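Peer 1: My structure file start-v8.txt, compact mmCIF, C-alpha atoms (C1' of nucleotides), is below:
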# COMPACT_ATOMS: atom_id res chain seq x y z
CA MET Q 1 19.40 -3.06 27.37
CA LYS Q 2 19.35 -3.04 23.63
CA SER Q 3 22.41 -2.80 21.50
CA ASP Q 4 23.90 0.61 21.07
CA ASN Q 5 24.31 -0.06 17.41
CA LEU Q 6 21.42 1.76 15.83
CA HIS Q 7 19.55 0.37 12.86
CA ILE Q 8 21.12 -3.02 13.02
CA ILE Q 9 18.61 -5.69 12.20
CA ASP Q 10 18.31 -8.01 15.16
CA PRO Q 11 17.43 -11.39 13.64
CA VAL Q 12 16.05 -12.66 16.92
CA GLU Q 13 13.68 -9.74 17.47
CA THR Q 14 12.68 -9.81 13.83
CA SER Q 15 11.93 -13.50 14.00
CA LEU Q 16 9.97 -13.16 17.23
CA ALA Q 17 7.89 -10.29 15.91
CA ARG Q 18 7.28 -12.08 12.63
CA ASP Q 19 6.00 -15.15 14.46
CA TYR Q 20 3.71 -13.03 16.61
CA ILE Q 21 2.34 -11.20 13.61
CA LEU Q 22 1.70 -14.49 11.83
CA LYS Q 23 -0.14 -15.76 14.86
CA TRP Q 24 -2.05 -12.52 15.29
CA GLY Q 25 -3.03 -12.46 11.63
CA VAL Q 26 -4.64 -15.88 11.66
CA LYS Q 27 -7.25 -14.67 14.11
CA ASN Q 28 -7.49 -10.99 13.32
CA GLN Q 29 -6.94 -10.51 9.62
CA ARG Q 30 -9.53 -8.66 7.64
CA SER Q 31 -11.31 -10.46 4.85
CA PHE Q 32 -11.34 -8.94 1.38
CA ASN Q 33 -12.17 -10.70 -1.85
CA TRP Q 34 -9.14 -9.39 -3.73
CA ARG Q 35 -6.87 -11.08 -1.23
CA LEU Q 36 -8.14 -14.45 -2.37
CA SER Q 37 -7.48 -13.86 -6.04
CA ASN Q 38 -4.51 -15.14 -7.99
CA SER Q 39 -5.47 -13.32 -11.16
CA SER Q 40 -2.85 -10.74 -12.10
CA TYR Q 41 -5.62 -8.58 -13.50
CA GLU Q 42 -7.64 -8.61 -10.30
CA ILE Q 43 -4.55 -8.06 -8.16
CA PHE Q 44 -3.53 -5.12 -10.29
CA ILE Q 45 -7.00 -3.61 -10.23
CA SER Q 46 -7.37 -3.98 -6.49
CA GLU Q 47 -4.04 -2.32 -5.74
CA PHE Q 48 -4.86 0.43 -8.18
CA LEU Q 49 -8.22 1.09 -6.57
CA LEU Q 50 -6.70 0.93 -3.10
CA HIS Q 51 -4.37 3.77 -3.95
CA ARG Q 52 -4.99 6.38 -1.27
CA THR Q 53 -8.37 4.84 -0.60
CA ARG Q 54 -9.70 2.96 2.37
CA ALA Q 55 -10.04 -0.78 1.91
CA GLY Q 56 -13.59 -0.70 3.20
CA GLN Q 57 -14.50 1.79 0.51
CA VAL Q 58 -13.02 -0.33 -2.25
CA SER Q 59 -14.68 -3.49 -0.97
CA GLU Q 60 -18.08 -1.96 -1.59
CA ILE Q 61 -17.55 -1.72 -5.33
CA TYR Q 62 -14.88 -4.33 -5.98
CA ASP Q 63 -17.12 -7.27 -6.93
CA PHE Q 64 -19.27 -5.08 -9.10
CA PHE Q 65 -16.25 -3.68 -10.88
CA ILE Q 66 -14.61 -7.05 -11.57
CA GLN Q 67 -17.87 -8.40 -12.89
CA ARG Q 68 -18.41 -5.47 -15.19
CA TYR Q 69 -14.78 -5.27 -16.24
CA PRO Q 70 -13.34 -8.80 -16.12
CA ASN Q 71 -10.14 -7.93 -18.02
CA PHE Q 72 -8.08 -5.06 -19.37
CA GLU Q 73 -9.75 -5.18 -22.77
CA SER Q 74 -13.15 -4.55 -21.27
CA ILE Q 75 -11.83 -1.38 -19.67
CA ALA Q 76 -10.12 -0.30 -22.87
CA GLU Q 77 -13.36 -0.81 -24.79
CA THR Q 78 -15.51 1.35 -22.58
CA THR Q 79 -15.39 5.12 -22.32
CA LYS Q 80 -13.69 7.20 -19.70
CA SER Q 81 -17.02 8.64 -18.76
CA ASN Q 82 -18.45 5.17 -18.16
CA LEU Q 83 -15.42 4.28 -16.10
CA ARG Q 84 -15.80 7.45 -14.06
CA GLU Q 85 -19.44 6.69 -13.45
CA ASP Q 86 -18.63 3.19 -12.24
CA LEU Q 87 -15.88 4.42 -9.94
CA LYS Q 88 -17.40 7.66 -8.74
CA THR Q 89 -17.83 6.45 -5.17
CA ILE Q 90 -14.10 6.15 -4.66
CA GLY Q 91 -13.18 9.36 -6.42
CA LEU Q 92 -9.73 10.44 -7.56
CA ASN Q 93 -10.34 11.23 -11.22
CA TRP Q 94 -6.69 11.35 -12.16
CA ARG Q 95 -6.44 7.74 -11.06
CA ILE Q 96 -9.36 6.74 -13.27
CA ASP Q 97 -7.68 8.35 -16.26
CA ALA Q 98 -4.48 6.52 -15.41
CA LEU Q 99 -6.32 3.21 -15.12
CA TYR Q 100 -7.91 3.75 -18.50
CA ASP Q 101 -4.54 4.50 -20.07
CA CYS Q 102 -3.06 1.43 -18.39
CA ALA Q 103 -5.80 -0.72 -19.87
CA LEU Q 104 -5.22 0.74 -23.33
CA ARG Q 105 -1.51 0.04 -23.22
CA ILE Q 106 -1.82 -3.44 -21.74
CA SER Q 107 -4.43 -4.37 -24.31
CA ARG Q 108 -2.50 -2.96 -27.24
CA ASP Q 109 1.11 -3.72 -26.30
CA TYR Q 110 0.77 -6.85 -24.18
CA ARG Q 111 -2.31 -8.57 -25.58
CA GLY Q 112 -4.22 -7.83 -22.42
CA ILE Q 113 -1.81 -9.74 -20.20
CA LEU Q 114 -0.21 -7.76 -17.44
CA PRO Q 115 3.59 -7.88 -17.67
CA LEU Q 116 5.00 -8.96 -14.34
CA ASP Q 117 8.38 -7.30 -14.40
CA LYS Q 118 8.77 -4.20 -12.29
CA THR Q 119 10.44 -2.07 -14.93
CA THR Q 120 7.51 -2.46 -17.30
CA LEU Q 121 4.99 -2.02 -14.52
CA LEU Q 122 6.68 1.18 -13.41
CA SER Q 123 6.36 2.56 -16.93
CA LEU Q 124 2.58 2.41 -16.65
CA PRO Q 125 0.77 5.59 -15.63
CA GLY Q 126 -0.23 5.66 -11.98
CA VAL Q 127 2.01 2.73 -11.12
CA GLY Q 128 4.78 3.48 -8.66
CA GLU Q 129 7.03 1.41 -6.47
CA TYR Q 130 4.31 0.27 -4.14
CA ILE Q 131 1.90 -1.07 -6.76
CA ALA Q 132 4.70 -2.57 -8.87
CA SER Q 133 6.20 -4.35 -5.86
CA ALA Q 134 2.86 -5.52 -4.51
CA VAL Q 135 1.71 -6.86 -7.87
CA VAL Q 136 4.94 -8.79 -8.46
CA CYS Q 137 4.97 -10.15 -4.92
CA PHE Q 138 1.32 -11.16 -4.95
CA CYS Q 139 1.43 -12.69 -8.43
CA ILE Q 140 4.81 -14.41 -8.33
CA GLY Q 141 5.39 -14.83 -4.64
CA SER Q 142 8.75 -13.10 -4.63
CA ILE Q 143 9.87 -10.93 -1.74
CA GLU Q 144 9.61 -7.27 -2.69
CA PRO Q 145 9.98 -4.02 -0.74
CA VAL Q 146 6.25 -3.44 -0.33
CA LEU Q 147 6.00 -0.23 1.67
CA ASP Q 148 2.63 1.40 2.07
CA THR Q 149 1.89 3.89 4.83
CA ASN Q 150 0.83 1.16 7.26
CA ILE Q 151 3.92 -0.95 6.75
CA VAL Q 152 6.19 2.09 6.91
CA ARG Q 153 4.69 3.00 10.26
CA PHE Q 154 5.06 -0.52 11.56
CA ILE Q 155 8.65 -0.97 10.38
CA GLY Q 156 9.62 2.50 11.56
CA ARG Q 157 8.27 2.01 15.03
CA PHE Q 158 9.43 -1.55 15.44
CA TYR Q 159 13.02 -0.87 14.43
CA GLY Q 160 13.15 2.61 15.87
CA LEU Q 161 13.56 4.44 12.59
CA LYS Q 162 12.53 8.01 12.11
CA ILE Q 163 9.41 8.08 9.96
CA THR Q 164 9.33 10.77 7.33
CA ASP Q 165 7.39 11.49 4.21
CA SER Q 166 10.05 9.77 2.15
CA SER Q 167 10.42 6.67 4.30
CA ARG Q 168 8.55 4.54 1.79
CA ARG Q 169 11.39 5.14 -0.67
CA ASN Q 170 14.16 5.04 1.89
CA LYS Q 171 16.77 2.39 1.26
CA ARG Q 172 16.97 1.41 4.91
CA PHE Q 173 13.23 0.88 5.19
CA LYS Q 174 13.40 -1.34 2.12
CA GLU Q 175 16.14 -3.44 3.66
CA PHE Q 176 14.18 -3.84 6.87
CA ILE Q 177 10.94 -4.88 5.21
CA LEU Q 178 12.79 -7.29 2.90
CA GLN Q 179 14.31 -8.89 5.96
CA PHE Q 180 10.98 -9.01 7.74
CA LEU Q 181 9.24 -10.60 4.76
CA LYS Q 182 11.70 -13.50 4.47
CA THR Q 183 9.04 -16.17 4.74
CA LYS Q 184 7.46 -18.71 2.45
CA ASN Q 185 4.37 -16.60 1.99
CA PRO Q 186 5.29 -12.91 1.91
CA ARG Q 187 1.91 -11.99 0.47
CA GLN Q 188 0.08 -13.29 3.51
CA LEU Q 189 2.51 -11.64 5.87
CA ILE Q 190 2.04 -8.32 4.10
CA TYR Q 191 -1.70 -8.55 4.62
CA TYR Q 192 -1.16 -9.37 8.26
CA ILE Q 193 1.18 -6.43 8.78
CA ILE Q 194 -1.23 -4.07 7.10
CA ASP Q 195 -4.10 -5.30 9.25
CA PHE Q 196 -1.95 -5.20 12.35
CA ALA Q 197 -0.91 -1.64 11.62
CA PHE Q 198 -4.54 -0.80 10.92
CA ALA Q 199 -5.88 -2.30 14.15
CA VAL Q 200 -3.05 -2.15 16.70
CA CYS Q 201 -0.13 -0.08 15.45
CA THR Q 202 -2.40 2.79 14.54
CA PRO Q 203 -1.22 6.23 13.41
CA SER Q 204 -2.54 7.99 16.50
CA LYS Q 205 -2.93 6.38 19.90
CA PRO Q 206 -1.33 3.05 19.02
CA LYS Q 207 -2.50 0.28 21.30
CA CYS Q 208 0.93 -0.49 22.70
CA THR Q 209 -0.31 -1.70 26.08
CA SER Q 210 -2.18 -4.57 24.50
CA CYS Q 211 0.32 -5.10 21.67
CA PRO Q 212 1.62 -8.67 21.37
CA ILE Q 213 5.08 -7.56 20.29
CA LYS Q 214 5.63 -4.61 22.61
CA THR Q 215 8.53 -6.33 24.36
CA VAL Q 216 10.58 -6.60 21.19
CA CYS Q 217 9.32 -3.40 19.61
CA ASN Q 218 11.51 -0.34 19.83
CA PHE Q 219 8.54 1.97 20.14
CA GLY Q 220 6.39 -0.13 22.43
CA SER Q 221 9.19 -1.02 24.80
CA GLY Q 222 9.72 2.63 25.56
CA GLY Q 223 12.61 3.24 23.23
CA GLY Q 224 10.54 5.64 21.20
CA ILE Q 225 11.73 6.64 17.79
CA ARG Q 226 15.49 6.72 17.64
CA LYS Q 227 17.09 9.07 15.21
C1' DC S 1 14.56 14.11 0.16
C1' DT S 2 10.62 17.58 -0.07
C1' DC S 3 6.45 18.95 -1.48
C1' DC S 4 2.06 18.76 -3.62
C1' DC S 5 -1.89 16.45 -5.22
C1' DG S 6 -6.57 14.08 -4.67
C1' DG S 7 -11.95 12.39 -3.33
C1' DT S 8 -14.00 10.49 0.47
C1' DC S 9 -14.90 8.96 5.13
C1' DG S 10 -14.67 8.60 10.40
C1' DC D 1 -9.53 17.90 10.45
C1' DG D 2 -6.47 13.51 9.70
C1' DA D 3 -6.05 9.40 7.30
C1' DC D 4 -6.40 6.32 3.38
C1' DC D 5 -2.79 -0.92 1.23
C1' DG D 6 0.99 6.48 -3.16
C1' DG D 7 2.54 8.80 -7.41
C1' DG D 8 4.78 12.40 -9.64
C1' DA D 9 7.38 16.43 -10.00
C1' DG D 10 10.90 19.31 -8.35
Show the structure stored in the file as structure tokens.
Peer 2:
Amino acid sequence: MKSDNLHIIDPVETSLARDYILKWGVKNQRSFNWRLSNSSYEIFISEFLLHRTRAGQVSEIYDFFIQRYPNFESIAETTKSNLREDLKTIGLNWRIDALYDCALRISRDYRGILPLDKTTLLSLPGVGEYIASAVVCFCIGSIEPVLDTNIVRFIGRFYGLKITDSSRRNKRFKEFILQFLKTKNPRQLIYYIIDFAFAVCTPSKPKCTSCPIKTVCNFGSGGGIRK
DNA sequence: CTCCCGGTCG
DNA sequence: CGACCGGGAG
């Protein structure tokens, strides 16, 4: 029987699940070129393009885009219509405008070098908490509350938290993911969680019966979502 | 916290 | 239709 204290982080269960995810990730992680990059520009671009867009979709144009636009200046020097043409397969025109404006500002105000503090990142158009946190974590290696829809679903189910539309900005979810990411390589673990949530802890019909952490998971062990 | 928005794909 | 490695406004 689990503790009656709701929403208390169990360090043992967290540690067990983390170890399982790390093990699972080694064999089952997806391979994307942007995950191998340590360039702040490429990391920023990839997160920007992944905004509300499937990873498989982005992967089809990612190499082409980085080659054509190797830095922020090259984006700032083209036209919005060129940029739209080169990104038309992934859509979301407002995002393309935002990317263009980001490139202008970074070129003009920061000499083309992406500032790596969250406050400045958040001031850029189209950059919210997820992208700012992910960029800082991936570039510097610090532990940040990176909460995309996949990670929110995973954290919510695992700890038995009610998942709502605002969970990604919920203070409790942030605390839980920060705790979960307390490893030497949070970036890698984030990728693993995302892939795990994509393949096993899916939105509909999660594969709980074959899930490696069902015994310590609130959802998979039959606890369901506690209020 | 709630709601709306967006282009594309499975 | 729901979902996508969310952001912005209210």
Peer 1: Contacts from chain S to chain Q, 7 Å maximum, all atoms listed in the file: show me the residue list as a ChimeraX atom specification.
Peer 2: /S:1,6-8
Peer 1: At what distance in Å, to one decimal, does atom CA of Q:Gln67 lie from atom CA of Q:Lys118?
Peer 2: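 Atom-to-atom, atom CA of Q:Lys118 to atom CA of Q:Gln67, that is 27.0 Å.
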Peer 1: Using 7 Å as the limit and counting all atoms listed in the file, can you tabulate each residue of chain D that touches chain Q, with its shortest atom-to-atom distance in Å and the two atoms involved, as a tab-separated table?
Peer 2:
residue	atom	partner	partner_atom	distance
D:DC4	C1'	Q:Thr53	CA	4.7
D:DC5	C1'	Q:Asp148	CA	6.0
D:DG6	C1'	Q:His51	CA	6.1
D:DG7	C1'	Q:Gly128	CA	5.9
Peer 1: One decimal, in Å: what's the spacing between atom CA of Q:Arg68 and atom CA of Q:Asn82?
Peer 2: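 Between atom CA of Q:Arg68 and atom CA of Q:Asn82 the gap works out to 11.0 Å.
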Peer 1: Distance atom CA of Q:Ser81-atom CA of Q:Ile106, one decimal place?
Peer 2: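 Computing the Euclidean distance for atom CA of Q:Ser81 and atom CA of Q:Ile106 yields 19.6 Å.
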Peer 1: Mind listing whatever residues come within 12 Å of the point (-0.5, 20.0, -6.0)? Use all atoms listed in the file, file coordinates, and give them as a ChimeraX atom specification.
Peer 2: /S:3-6 /D:7-10
